[in-house]
file entry.csv (CSV, C-alpha atoms and all ligand atoms)
chain,number,residue,atom,x,y,z
A,1,MET,CA,106.4,63.1,58.6
A,2,ARG,CA,107.4,66.5,57.3
A,3,VAL,CA,105.1,69.4,58.1
A,4,GLY,CA,104.2,69.8,54.4
A,5,GLN,CA,102.9,66.3,54.3
A,6,GLN,CA,100.5,66.9,57.2
A,7,ALA,CA,99.3,70.3,56.1
A,8,VAL,CA,98.9,69.6,52.4
A,9,THR,CA,97.0,66.6,51.1
A,10,ALA,CA,96.1,66.1,47.5
A,11,ASP,CA,92.4,66.6,48.0
A,12,SER,CA,92.3,69.3,50.6
A,13,ARG,CA,94.3,71.7,48.5
A,14,ARG,CA,91.5,74.0,47.4
A,15,PRO,CA,93.0,77.3,48.5
A,16,ALA,CA,91.5,79.1,51.4
A,17,GLY,CA,89.7,82.4,51.2
A,18,LEU,CA,90.3,84.4,48.1
A,19,GLY,CA,92.6,81.7,46.7
A,20,ARG,CA,95.3,81.8,49.4
A,21,PHE,CA,98.1,79.3,49.5
A,22,GLY,CA,99.5,80.4,52.9
A,23,GLU,CA,100.5,84.1,52.3
A,24,TYR,CA,100.5,83.7,48.5
A,25,GLY,CA,97.9,83.8,45.8
A,26,GLY,CA,94.9,86.1,46.1
A,27,ARG,CA,93.3,88.4,43.5
A,28,PHE,CA,95.0,91.7,42.8
A,29,VAL,CA,93.2,92.9,39.7
A,30,PRO,CA,91.5,96.2,38.6
A,31,GLU,CA,88.0,96.5,39.9
A,32,SER,CA,86.6,96.0,36.4
A,33,LEU,CA,88.0,92.4,36.4
A,34,VAL,CA,86.7,91.4,39.8
A,35,PRO,CA,83.2,90.3,38.5
A,36,ALA,CA,84.9,88.4,35.6
A,37,CYS,CA,87.2,86.5,38.0
A,38,GLU,CA,84.3,85.7,40.3
A,39,ALA,CA,82.3,84.4,37.4
A,40,VAL,CA,85.1,82.1,36.4
A,41,GLU,CA,85.4,80.9,40.0
A,42,ARG,CA,81.7,80.2,40.2
A,43,ALA,CA,81.6,78.4,36.8
A,44,PHE,CA,84.7,76.3,37.5
A,45,THR,CA,83.5,75.3,41.0
A,46,GLU,CA,80.2,74.1,39.6
A,47,ALA,CA,81.7,72.5,36.5
A,48,TRP,CA,84.3,70.6,38.5
A,49,ALA,CA,81.6,69.2,40.7
A,50,ASP,CA,79.5,68.2,37.7
A,51,PRO,CA,80.0,64.6,36.5
A,52,VAL,CA,78.7,65.5,33.0
A,53,PHE,CA,81.4,68.2,32.6
A,54,ARG,CA,84.1,65.9,34.0
A,55,ALA,CA,83.0,63.1,31.7
A,56,GLU,CA,83.1,65.3,28.6
A,57,LEU,CA,86.6,66.6,29.5
A,58,HIS,CA,87.8,63.0,30.1
A,59,HIS,CA,86.3,62.0,26.8
A,60,VAL,CA,88.0,64.8,24.8
A,61,LEU,CA,91.3,64.1,26.6
A,62,SER,CA,91.1,60.5,25.6
A,63,ILE,CA,89.9,60.7,22.0
A,64,TYR,CA,91.5,64.0,20.9
A,65,VAL,CA,94.6,64.5,23.1
A,66,GLY,CA,95.6,60.9,23.4
A,67,ARG,CA,95.5,60.4,27.1
A,68,PRO,CA,96.6,58.6,29.1
A,69,THR,CA,100.1,59.4,28.0
A,70,PRO,CA,102.6,56.6,28.6
A,71,LEU,CA,105.2,56.4,31.4
A,72,THR,CA,108.3,55.4,29.5
A,73,PRO,CA,111.4,53.9,31.2
A,74,ALA,CA,114.4,55.7,30.0
A,75,ALA,CA,116.5,52.5,29.9
A,76,ARG,CA,119.8,53.7,28.4
A,77,LEU,CA,120.0,57.0,30.3
A,78,SER,CA,119.0,55.1,33.5
A,79,ALA,CA,121.9,52.7,33.0
A,80,GLU,CA,124.4,55.5,32.4
A,81,LEU,CA,123.2,57.4,35.6
A,82,GLY,CA,122.7,54.3,37.8
A,83,ILE,CA,119.1,55.2,38.6
A,84,ASN,CA,115.7,54.1,37.4
A,85,LEU,CA,114.3,57.1,35.4
A,86,LEU,CA,110.7,57.1,34.2
A,87,LEU,CA,109.4,59.7,31.8
A,88,LYS,CA,105.8,60.9,31.9
A,89,ARG,CA,105.3,61.6,28.2
A,90,GLU,CA,103.4,64.9,27.9
A,91,ASP,CA,105.4,65.4,24.7
A,92,LEU,CA,103.2,62.8,23.1
A,93,THR,CA,99.9,64.7,23.5
A,94,HIS,CA,98.2,66.3,20.6
A,95,THR,CA,99.9,69.7,20.0
A,96,GLY,CA,103.0,68.4,21.8
A,97,SER,CA,102.9,69.7,25.4
A,98,HIS,CA,100.9,69.5,28.6
A,99,LYS,CA,99.4,72.9,27.9
A,100,ILE,CA,96.5,71.2,26.0
A,101,ASN,CA,95.1,69.6,29.2
A,102,ASN,CA,94.4,72.9,30.8
A,103,VAL,CA,93.3,74.6,27.6
A,104,LEU,CA,90.6,72.0,26.8
A,105,GLY,CA,89.3,72.3,30.4
A,106,GLN,CA,89.1,76.1,30.1
A,107,ALA,CA,87.7,76.1,26.6
A,108,LEU,CA,84.9,73.7,27.6
A,109,LEU,CA,84.3,76.0,30.7
A,110,ALA,CA,84.2,79.1,28.5
A,111,ARG,CA,81.6,77.5,26.2
A,112,ARG,CA,79.5,76.6,29.3
A,113,MET,CA,79.8,80.2,30.4
A,114,GLY,CA,78.4,81.4,27.0
A,115,LYS,CA,81.7,82.9,25.8
A,116,HIS,CA,82.7,82.5,22.2
A,117,ARG,CA,86.2,84.0,22.2
A,118,LEU,CA,89.4,83.0,24.0
A,119,ILE,CA,92.3,85.3,24.9
A,120,ALA,CA,95.7,83.8,25.7
A,121,GLU,CA,99.3,84.8,26.4
A,122,THR,CA,102.1,82.6,25.3
A,123,GLY,CA,105.9,82.4,25.7
A,124,ALA,CA,107.1,79.3,24.0
A,125,GLY,CA,104.0,79.3,21.8
A,126,GLN,CA,102.8,75.9,23.1
A,127,HIS,CA,100.0,77.5,25.1
A,128,GLY,CA,99.0,79.6,22.2
A,129,VAL,CA,99.0,76.7,19.8
A,130,ALA,CA,96.9,74.6,22.3
A,131,THR,CA,94.4,77.5,22.7
A,132,ALA,CA,94.1,78.0,19.0
A,133,THR,CA,93.6,74.2,18.6
A,134,ALA,CA,90.8,74.1,21.3
A,135,ALA,CA,89.2,77.1,19.7
A,136,ALA,CA,89.1,75.5,16.3
A,137,LEU,CA,87.8,72.3,17.8
A,138,LEU,CA,84.9,74.1,19.6
A,139,GLY,CA,84.3,76.7,16.9
A,140,MET,CA,85.5,79.7,18.9
A,141,GLN,CA,87.7,82.7,18.1
A,142,THR,CA,91.2,83.2,19.6
A,143,THR,CA,93.5,86.2,20.2
A,144,VAL,CA,97.0,85.3,21.4
A,145,PHE,CA,99.4,87.9,22.8
A,146,MET,CA,103.1,87.0,22.4
A,147,GLY,CA,106.2,89.0,23.2
A,148,GLU,CA,107.9,90.1,19.9
A,149,ARG,CA,111.1,88.5,20.9
A,150,ASP,CA,109.3,85.2,21.4
A,151,THR,CA,107.6,85.5,18.0
A,152,GLU,CA,111.1,85.7,16.6
A,153,ARG,CA,112.5,82.6,18.4
A,154,GLN,CA,109.3,80.6,18.0
A,155,GLN,CA,108.4,81.3,14.4
A,156,LEU,CA,107.1,77.7,13.9
A,157,ASN,CA,104.5,78.1,16.6
A,158,VAL,CA,103.4,81.5,15.4
A,159,PHE,CA,102.8,79.9,12.0
A,160,ARG,CA,100.9,77.0,13.6
A,161,MET,CA,98.7,79.4,15.6
A,162,LYS,CA,97.8,81.4,12.4
A,163,MET,CA,97.1,78.2,10.5
A,164,LEU,CA,94.7,77.2,13.2
A,165,GLY,CA,92.8,80.5,12.7
A,166,ALA,CA,94.2,82.5,15.7
A,167,GLU,CA,95.0,86.2,15.6
A,168,VAL,CA,98.6,86.6,17.0
A,169,ILE,CA,99.5,90.0,18.4
A,170,PRO,CA,103.2,90.7,19.0
A,171,VAL,CA,103.8,92.6,22.2
A,172,THR,CA,106.5,95.3,21.8
A,173,THR,CA,106.7,96.6,25.3
A,174,GLY,CA,109.2,95.8,28.1
A,175,SER,CA,111.5,92.8,27.5
A,176,ARG,CA,109.1,91.7,24.7
A,177,THR,CA,108.7,88.2,26.3
A,178,LEU,CA,106.1,86.3,28.4
A,179,LYS,CA,105.8,88.8,31.2
A,180,ASP,CA,104.8,91.5,28.8
A,181,ALA,CA,102.4,89.2,26.9
A,182,CYS,CA,100.6,88.4,30.2
A,183,SER,CA,100.3,92.1,31.0
A,184,GLU,CA,98.8,92.8,27.6
A,185,ALA,CA,96.4,89.9,27.7
A,186,LEU,CA,95.1,91.0,31.1
A,187,ARG,CA,94.7,94.5,29.9
A,188,HIS,CA,92.8,93.3,26.8
A,189,TRP,CA,90.5,91.1,28.9
A,190,VAL,CA,89.3,94.3,30.7
A,191,THR,CA,88.0,95.6,27.4
A,192,ALA,CA,86.5,92.3,26.3
A,193,VAL,CA,85.0,90.5,29.4
A,194,GLU,CA,81.5,90.4,27.9
A,195,ASP,CA,82.2,87.8,25.2
A,196,SER,CA,85.7,86.6,26.0
A,197,HIS,CA,87.3,84.2,28.5
A,198,TYR,CA,90.9,84.7,29.5
A,199,CYS,CA,92.5,81.3,29.0
A,200,LEU,CA,95.5,81.7,31.2
A,201,GLY,CA,98.3,79.2,30.5
A,202,SER,CA,99.9,78.4,33.8
A,203,ALA,CA,99.1,77.9,37.5
A,204,MET,CA,99.4,81.6,38.2
A,205,GLY,CA,97.3,84.8,37.9
A,206,PRO,CA,94.4,86.0,40.1
A,207,HIS,CA,92.2,83.5,41.9
A,208,PRO,CA,90.8,81.1,40.7
A,209,TYR,CA,93.4,80.5,38.0
A,210,PRO,CA,96.2,78.9,40.1
A,211,TRP,CA,93.8,76.4,41.6
A,212,MET,CA,91.8,75.8,38.4
A,213,VAL,CA,94.8,75.3,36.2
A,214,ARG,CA,96.4,72.9,38.7
A,215,GLN,CA,93.1,70.9,38.8
A,216,PHE,CA,93.1,70.7,35.0
A,217,GLN,CA,96.7,69.6,35.0
A,218,ARG,CA,96.5,67.1,37.8
A,219,VAL,CA,95.6,64.5,35.2
A,220,ILE,CA,99.4,64.3,34.7
A,221,GLY,CA,100.1,63.4,38.3
A,222,ASP,CA,97.0,61.3,38.8
A,223,GLU,CA,97.8,59.1,35.8
A,224,ALA,CA,101.5,58.9,36.7
A,225,ARG,CA,100.6,57.8,40.3
A,226,THR,CA,98.4,55.0,39.0
A,227,GLN,CA,101.1,54.0,36.4
A,228,CYS,CA,103.8,54.0,39.1
A,229,ALA,CA,101.5,52.0,41.5
A,230,SER,CA,101.3,49.2,38.9
A,231,SER,CA,104.9,49.2,37.6
A,232,LEU,CA,107.0,49.9,40.8
A,233,SER,CA,107.3,47.4,43.6
A,234,THR,CA,107.4,50.3,46.1
A,235,GLY,CA,104.3,51.8,44.5
A,236,ALA,CA,105.7,55.4,44.4
A,237,PRO,CA,108.9,56.8,43.1
A,238,ASP,CA,111.6,58.2,45.4
A,239,PHE,CA,111.8,61.5,43.4
A,240,VAL,CA,109.2,63.4,41.3
A,241,VAL,CA,110.7,66.0,39.1
A,242,ALA,CA,109.3,68.7,36.8
A,243,CYS,CA,110.4,72.0,35.3
A,244,VAL,CA,108.8,75.2,36.7
A,245,GLY,CA,107.9,78.3,34.7
A,246,GLY,CA,104.6,79.6,36.0
A,247,GLY,CA,104.4,76.1,37.4
A,248,SER,CA,101.5,74.3,35.8
A,249,ASN,CA,103.1,71.0,34.7
A,250,ALA,CA,104.9,70.8,38.1
A,251,ALA,CA,101.7,71.6,40.0
A,252,GLY,CA,99.7,69.0,38.1
A,253,THR,CA,102.4,66.4,38.6
A,254,PHE,CA,103.0,67.1,42.3
A,255,ALA,CA,99.2,67.0,43.0
A,256,GLY,CA,99.4,63.2,42.2
A,257,PHE,CA,102.2,62.6,44.7
A,258,VAL,CA,101.9,65.2,47.4
A,259,ASP,CA,100.5,62.6,49.9
A,260,THR,CA,103.3,60.0,49.2
A,261,PRO,CA,106.8,60.0,50.6
A,262,ALA,CA,108.3,61.0,47.2
A,263,ARG,CA,110.6,64.0,47.2
A,264,LEU,CA,109.1,66.7,45.0
A,265,VAL,CA,111.6,68.7,43.0
A,266,GLY,CA,110.8,71.7,40.8
A,267,VAL,CA,113.5,72.9,38.4
A,268,GLU,CA,113.7,76.6,37.6
A,269,ALA,CA,115.8,78.3,34.9
A,270,ALA,CA,118.8,79.9,36.6
A,271,GLY,CA,117.8,83.3,35.0
A,272,GLY,CA,114.1,83.0,35.9
A,273,ALA,CA,114.4,81.5,39.4
A,274,ALA,CA,111.6,83.3,41.3
A,275,ILE,CA,111.7,80.9,44.2
A,276,ASN,CA,115.5,80.6,44.5
A,277,ALA,CA,116.3,84.2,43.7
A,278,GLY,CA,113.1,86.2,44.2
A,279,SER,CA,111.2,87.8,47.1
A,280,THR,CA,107.5,88.2,47.9
A,281,GLY,CA,105.7,90.6,45.6
A,282,VAL,CA,102.6,91.0,43.4
A,283,LEU,CA,102.6,90.4,39.7
A,284,HIS,CA,99.8,89.7,37.2
A,285,GLY,CA,97.1,89.6,39.8
A,286,PHE,CA,98.7,87.3,42.5
A,287,ARG,CA,101.2,87.4,45.3
A,288,SER,CA,104.1,85.1,45.1
A,289,LYS,CA,107.8,85.0,44.8
A,290,VAL,CA,109.0,87.4,42.0
A,291,LEU,CA,112.2,88.7,40.7
A,292,GLN,CA,112.3,92.4,41.6
A,293,ASP,CA,114.7,95.1,42.6
A,294,GLU,CA,114.8,97.0,45.9
A,295,HIS,CA,112.1,99.4,44.7
A,296,GLY,CA,109.7,96.5,43.7
A,297,GLN,CA,110.4,96.9,40.0
A,298,ILE,CA,110.0,93.6,38.3
A,299,SER,CA,113.3,92.4,36.9
A,300,GLU,CA,113.8,90.8,33.5
A,301,ALA,CA,114.1,87.0,33.5
A,302,HIS,CA,116.3,85.1,31.1
A,303,SER,CA,116.2,81.5,29.9
A,304,ILE,CA,117.0,79.7,26.7
A,305,ALA,CA,113.6,78.2,27.1
A,306,PRO,CA,110.9,80.8,26.4
A,307,GLY,CA,108.4,79.0,28.6
A,308,LEU,CA,110.6,79.5,31.6
A,309,ASP,CA,111.5,83.1,30.9
A,310,TYR,CA,109.1,84.5,33.5
A,311,PRO,CA,110.0,86.5,36.6
A,312,GLY,CA,107.3,85.0,38.8
A,313,VAL,CA,106.0,81.6,39.9
A,314,GLY,CA,102.6,80.2,40.7
A,315,PRO,CA,101.6,80.8,44.4
A,316,GLU,CA,101.2,77.1,45.2
A,317,HIS,CA,104.9,76.6,44.5
A,318,ALA,CA,106.0,79.4,46.8
A,319,TYR,CA,103.8,77.8,49.5
A,320,LEU,CA,105.1,74.3,49.0
A,321,ALA,CA,108.6,75.7,49.2
A,322,ASP,CA,107.9,77.5,52.5
A,323,LEU,CA,106.4,74.3,53.9
A,324,GLY,CA,109.4,72.3,52.8
A,325,ARG,CA,107.2,69.8,51.0
A,326,ALA,CA,108.8,70.6,47.6
A,327,SER,CA,112.3,71.8,46.9
A,328,TYR,CA,113.2,74.0,44.0
A,329,VAL,CA,116.6,74.0,42.3
A,330,THR,CA,118.1,75.8,39.3
A,331,VAL,CA,120.0,74.7,36.2
A,332,ASP,CA,121.7,77.0,33.6
A,333,ASP,CA,121.3,77.2,29.8
A,334,ALA,CA,124.5,75.2,29.1
A,335,GLU,CA,123.3,72.3,31.3
A,336,VAL,CA,120.0,72.4,29.5
A,337,VAL,CA,121.5,72.2,26.0
A,338,ALA,CA,123.7,69.3,27.1
A,339,ALA,CA,120.8,67.5,28.6
A,340,THR,CA,118.7,67.9,25.5
A,341,HIS,CA,121.4,66.3,23.4
A,342,ARG,CA,122.0,63.5,25.9
A,343,LEU,CA,118.3,62.6,26.1
A,344,ALA,CA,118.1,62.6,22.3
A,345,ARG,CA,121.1,60.4,21.9
A,346,THR,CA,120.3,57.9,24.7
A,347,GLU,CA,116.5,57.7,24.4
A,348,GLY,CA,115.6,59.0,20.9
A,349,ILE,CA,113.5,61.7,22.4
A,350,LEU,CA,113.9,65.4,21.3
A,351,CYS,CA,112.3,67.2,24.3
A,352,ALA,CA,111.4,70.8,24.7
A,353,LEU,CA,114.1,73.1,26.2
A,354,GLU,CA,111.7,73.7,29.2
A,355,SER,CA,111.5,69.9,29.9
A,356,ALA,CA,115.2,69.6,29.5
A,357,HIS,CA,115.6,71.6,32.7
A,358,ALA,CA,114.2,68.7,34.6
A,359,VAL,CA,116.4,66.2,32.8
A,360,ALA,CA,119.5,68.4,33.4
A,361,TRP,CA,118.9,68.5,37.1
A,362,VAL,CA,118.5,64.7,37.3
A,363,ILE,CA,121.8,64.2,35.4
A,364,ARG,CA,123.5,66.5,37.8
A,365,ALA,CA,121.9,65.1,40.9
A,366,ALA,CA,122.6,61.5,40.0
A,367,GLY,CA,126.2,62.5,39.4
A,368,ASP,CA,126.8,64.2,42.7
A,369,GLY,CA,124.8,61.6,44.8
A,370,THR,CA,121.8,63.9,45.6
A,371,ILE,CA,119.8,61.2,43.9
A,372,PRO,CA,121.3,58.0,45.4
A,373,PRO,CA,122.2,55.0,43.1
A,374,GLY,CA,119.2,52.8,42.4
A,375,ALA,CA,116.6,55.5,43.3
A,376,THR,CA,113.5,55.7,41.1
A,377,VAL,CA,112.8,59.1,39.5
A,378,MET,CA,109.5,60.0,37.9
A,379,LEU,CA,110.1,63.0,35.6
A,380,THR,CA,107.4,64.9,33.7
A,381,LEU,CA,108.6,65.5,30.1
A,382,SER,CA,106.3,68.5,29.5
A,383,GLY,CA,106.7,68.9,25.8
A,384,ARG,CA,108.5,68.0,22.6
A,385,GLY,CA,111.3,69.9,21.1
A,386,ASP,CA,110.3,70.7,17.5
A,387,LYS,CA,109.8,74.3,18.4
A,388,ASP,CA,113.3,74.6,19.7
A,389,MET,CA,115.2,73.2,16.7
A,390,ALA,CA,115.9,76.7,15.3
A,391,THR,CA,117.5,77.8,18.6
A,392,LEU,CA,119.6,74.6,18.8
A,393,MET,CA,120.6,74.9,15.2
A,394,GLU,CA,121.9,78.4,15.8
A,395,LEU,CA,123.9,77.2,18.8
A,396,SER,CA,125.5,74.4,16.9
A,401,LIG,C1,106.9,72.4,26.9
A,401,LIG,C2,106.7,73.4,28.1
A,401,LIG,N1,107.1,73.0,29.3
A,401,LIG,C3,107.0,73.8,30.4
A,401,LIG,C4,106.5,75.1,30.2
A,401,LIG,C5,106.4,76.0,31.5
A,401,LIG,O1,105.1,76.2,31.9
A,401,LIG,P1,104.6,75.6,33.2
A,401,LIG,O2,105.6,75.9,34.3
A,401,LIG,O3,103.3,76.3,33.4
A,401,LIG,O4,104.4,74.1,33.1
A,401,LIG,C6,106.1,75.6,29.0
A,401,LIG,C7,105.6,76.9,28.8
A,401,LIG,O5,105.4,77.4,27.7
A,401,LIG,C8,106.2,74.7,27.9
A,401,LIG,O6,105.9,75.1,26.6
call {"tool": "encode", "arguments": {"input": "entry.csv", "output": "structure tokens", "more": "lines below"}}
Ligand SMILES: Cc1ncc(COP(=O)(O)O)c(C=O)c1O
result
Amino acid sequence: MRVGQQAVTADSRRPAGLGRFGEYGGRFVPESLVPACEAVERAFTEAWADPVFRAELHHVLSIYVGRPTPLTPAARLSAELGINLLLKREDLTHTGSHKINNVLGQALLARRMGKHRLIAETGAGQHGVATATAAALLGMQTTVFMGERDTERQQLNVFRMKMLGAEVIPVTTGSRTLKDACSEALRHWVTAVEDSHYCLGSAMGPHPYPWMVRQFQRVIGDEARTQCASSLSTGAPDFVVACVGGGSNAAGTFAGFVDTPARLVGVEAAGGAAINAGSTGVLHGFRSKVLQDEHGQISEAHSIAPGLDYPGVGPEHAYLADLGRASYVTVDDAEVVAATHRLARTEGILCALESAHAVAWVIRAAGDGTIPPGATVMLTLSGRGDKDMATLMELS
């Protein structure tokens, strides 16, 4: 058994101390935000242990989001690749991506804490749309920060957020993408902690966010584990694959399989590969692997997928990588575009460019034998591709 499998089990993974995953995680925030983070930690710890809260979340996820999402065999692509590929269909959730799982958990938590406004950052716009949706459902207000460059490439989602009643604030500093939107959202939270909850969209940020977001997203992995147990003779797949931006869909997926022999593979964008190309540093309130220069200045990330265009990664992934329990690989934009077209043509599924990173790696790995013939691969398809059609149209 590998070290990681002994040290990390699905249920023992509440981070130690101030949210530490090994040397990563923690809470590096201005003093004025410490009480707010502590209040979120207290509220989440109580709510997660409260069967009434859990039942309400489960109910909303079922009657509003459409959970459980199916596990779809990708029959034609599997035949072409010589493997057995199963797709966990987060693209079929209400609003079209896994982001809604975490957002509804945090929105219910915010209401329990007496907050009536949600603040969010967004890159691809999916987390912003999910937050605006949850706010409309629960009668709350929303302010979404989005890099100006992302508002241009994701116009459809900006319009969706506005239709849902959200205020969308374009961020014009830095690279005008997700990193800058996160900084602005954190800055704004300092001025609005009294009545606002910061609904962070990935398994990153100061403690308790990486842990809390993973727990809200583990519904993906837990469902997929049960679905695999009933559909596979081996009970568990050989490989579990998900794309990694901040790391929430991958963290939620891996949580369901971390105590099985499955190989866990996180796929980073080549231009935003914090684990593969980064070093240890602090960004947006947590310590993890980040892209930075020799002076500790955060470098700009690049990906065709705006949700992966982030120079850091959630601390749990840096930890799982160190333990050797999960491996992290990269794919480039060209492979991603090719994978998007191939999945569309073989399976009739137009997936998000973020999700296509996972598909692209599976195509490459099945081709070069990294995934052996006949192996079973469970891949989380984190979202649908409508938002990316303008980008793909421009390319073609
Ligand atoms: C569809 C989709 N998948 C994946 C991601 C990446 O986020 P995470 O790594 O938190 O799952 C995003 C982020 O916007 C997204 O919209």
call {"tool": "residues_around", "arguments": {"input": "entry.csv", "residues": "Ser382 (chain A)", "least_positions_apart": "2", "cutoff": "10 Å", "atoms": "all atoms listed in the file", "output": "JSON, numbers by chain"}}
result
{"A": [87, 88, 89, 90, 91, 92, 93, 96, 97, 98, 99, 220, 242, 243, 248, 249, 250, 351, 352, 353, 354, 355, 356, 358, 379, 380, 384, 385]}
call {"tool": "residues_around", "arguments": {"input": "entry.csv", "residues": "Ile298 (chain A)", "least_positions_apart": "4", "cutoff": "12 Å", "atoms": "all atoms listed in the file", "output": "ChimeraX atom specification"}}
result
/A:174-175,179-180,272,274,278-284,289-294,310-312
call {"tool": "residues_around", "arguments": {"input": "entry.csv", "residues": "Leu61 (chain A)", "least_positions_apart": "6", "cutoff": "9 Å", "atoms": "only C-alpha atoms", "output": "PyMOL selection string"}}
result
chain A and resi 67-68+100-101+104
call {"tool": "atom_distance", "arguments": {"input": "entry.csv", "atom1": "CA of His197 (chain A)", "atom2": "CA of Leu118 (chain A)"}}
result
5.1 Å
call {"tool": "atom_distance", "arguments": {"input": "entry.csv", "atom1": "CA of Ala301 (chain A)", "atom2": "CA of Gly19 (chain A)"}}
result
25.8 Å
call {"tool": "atom_distance", "arguments": {"input": "entry.csv", "atom1": "CA of Ala236 (chain A)", "atom2": "CA of Gly324 (chain A)"}}
result
19.2 Å
call {"tool": "closest_residue", "arguments": {"input": "entry.csv", "among": "A:Leu18, A:Val331, A:Ala107, A:Val40", "to": "Phe53 (chain A)", "atoms": "all atoms listed in the file"}}
result
A:Ala107
call {"tool": "residues_around", "arguments": {"input": "entry.csv", "residues": "Tyr209 (chain A)", "least_positions_apart": "3", "cutoff": "12 Å", "atoms": "all atoms listed in the file", "output": "PyMOL selection string"}}
result
chain A and resi 14-15+18-20+25-27+36-42+44-45+102-103+105-106+197-206+212-217+246-248+284-286+314-316
call {"tool": "residues_around", "arguments": {"input": "entry.csv", "residues": "Ala338 (chain A)", "least_positions_apart": "2", "cutoff": "12 Å", "atoms": "all atoms listed in the file", "output": "mmCIF file with C-alpha atoms, keeping the file's coordinate frame"}}
result
data_model
loop_
_atom_site.group_PDB
_atom_site.id
_atom_site.type_symbol
_atom_site.label_atom_id
_atom_site.label_comp_id
_atom_site.auth_asym_id
_atom_site.auth_seq_id
_atom_site.Cartn_x
_atom_site.Cartn_y
_atom_site.Cartn_z
ATOM 1 C CA VAL A 331 120.000 74.700 36.200
ATOM 2 C CA ASP A 332 121.700 77.000 33.600
ATOM 3 C CA ASP A 333 121.300 77.200 29.800
ATOM 4 C CA ALA A 334 124.500 75.200 29.100
ATOM 5 C CA GLU A 335 123.300 72.300 31.300
ATOM 6 C CA VAL A 336 120.000 72.400 29.500
ATOM 7 C CA THR A 340 118.700 67.900 25.500
ATOM 8 C CA HIS A 341 121.400 66.300 23.400
ATOM 9 C CA ARG A 342 122.000 63.500 25.900
ATOM 10 C CA LEU A 343 118.300 62.600 26.100
ATOM 11 C CA ALA A 344 118.100 62.600 22.300
ATOM 12 C CA ARG A 345 121.100 60.400 21.900
ATOM 13 C CA CYS A 351 112.300 67.200 24.300
ATOM 14 C CA LEU A 353 114.100 73.100 26.200
ATOM 15 C CA ALA A 356 115.200 69.600 29.500
ATOM 16 C CA HIS A 357 115.600 71.600 32.700
ATOM 17 C CA VAL A 359 116.400 66.200 32.800
ATOM 18 C CA ALA A 360 119.500 68.400 33.400
ATOM 19 C CA TRP A 361 118.900 68.500 37.100
ATOM 20 C CA ILE A 363 121.800 64.200 35.400
ATOM 21 C CA ARG A 364 123.500 66.500 37.800
ATOM 22 C CA LEU A 392 119.600 74.600 18.800
ATOM 23 C CA LEU A 395 123.900 77.200 18.800
ATOM 24 C CA SER A 396 125.500 74.400 16.900
#
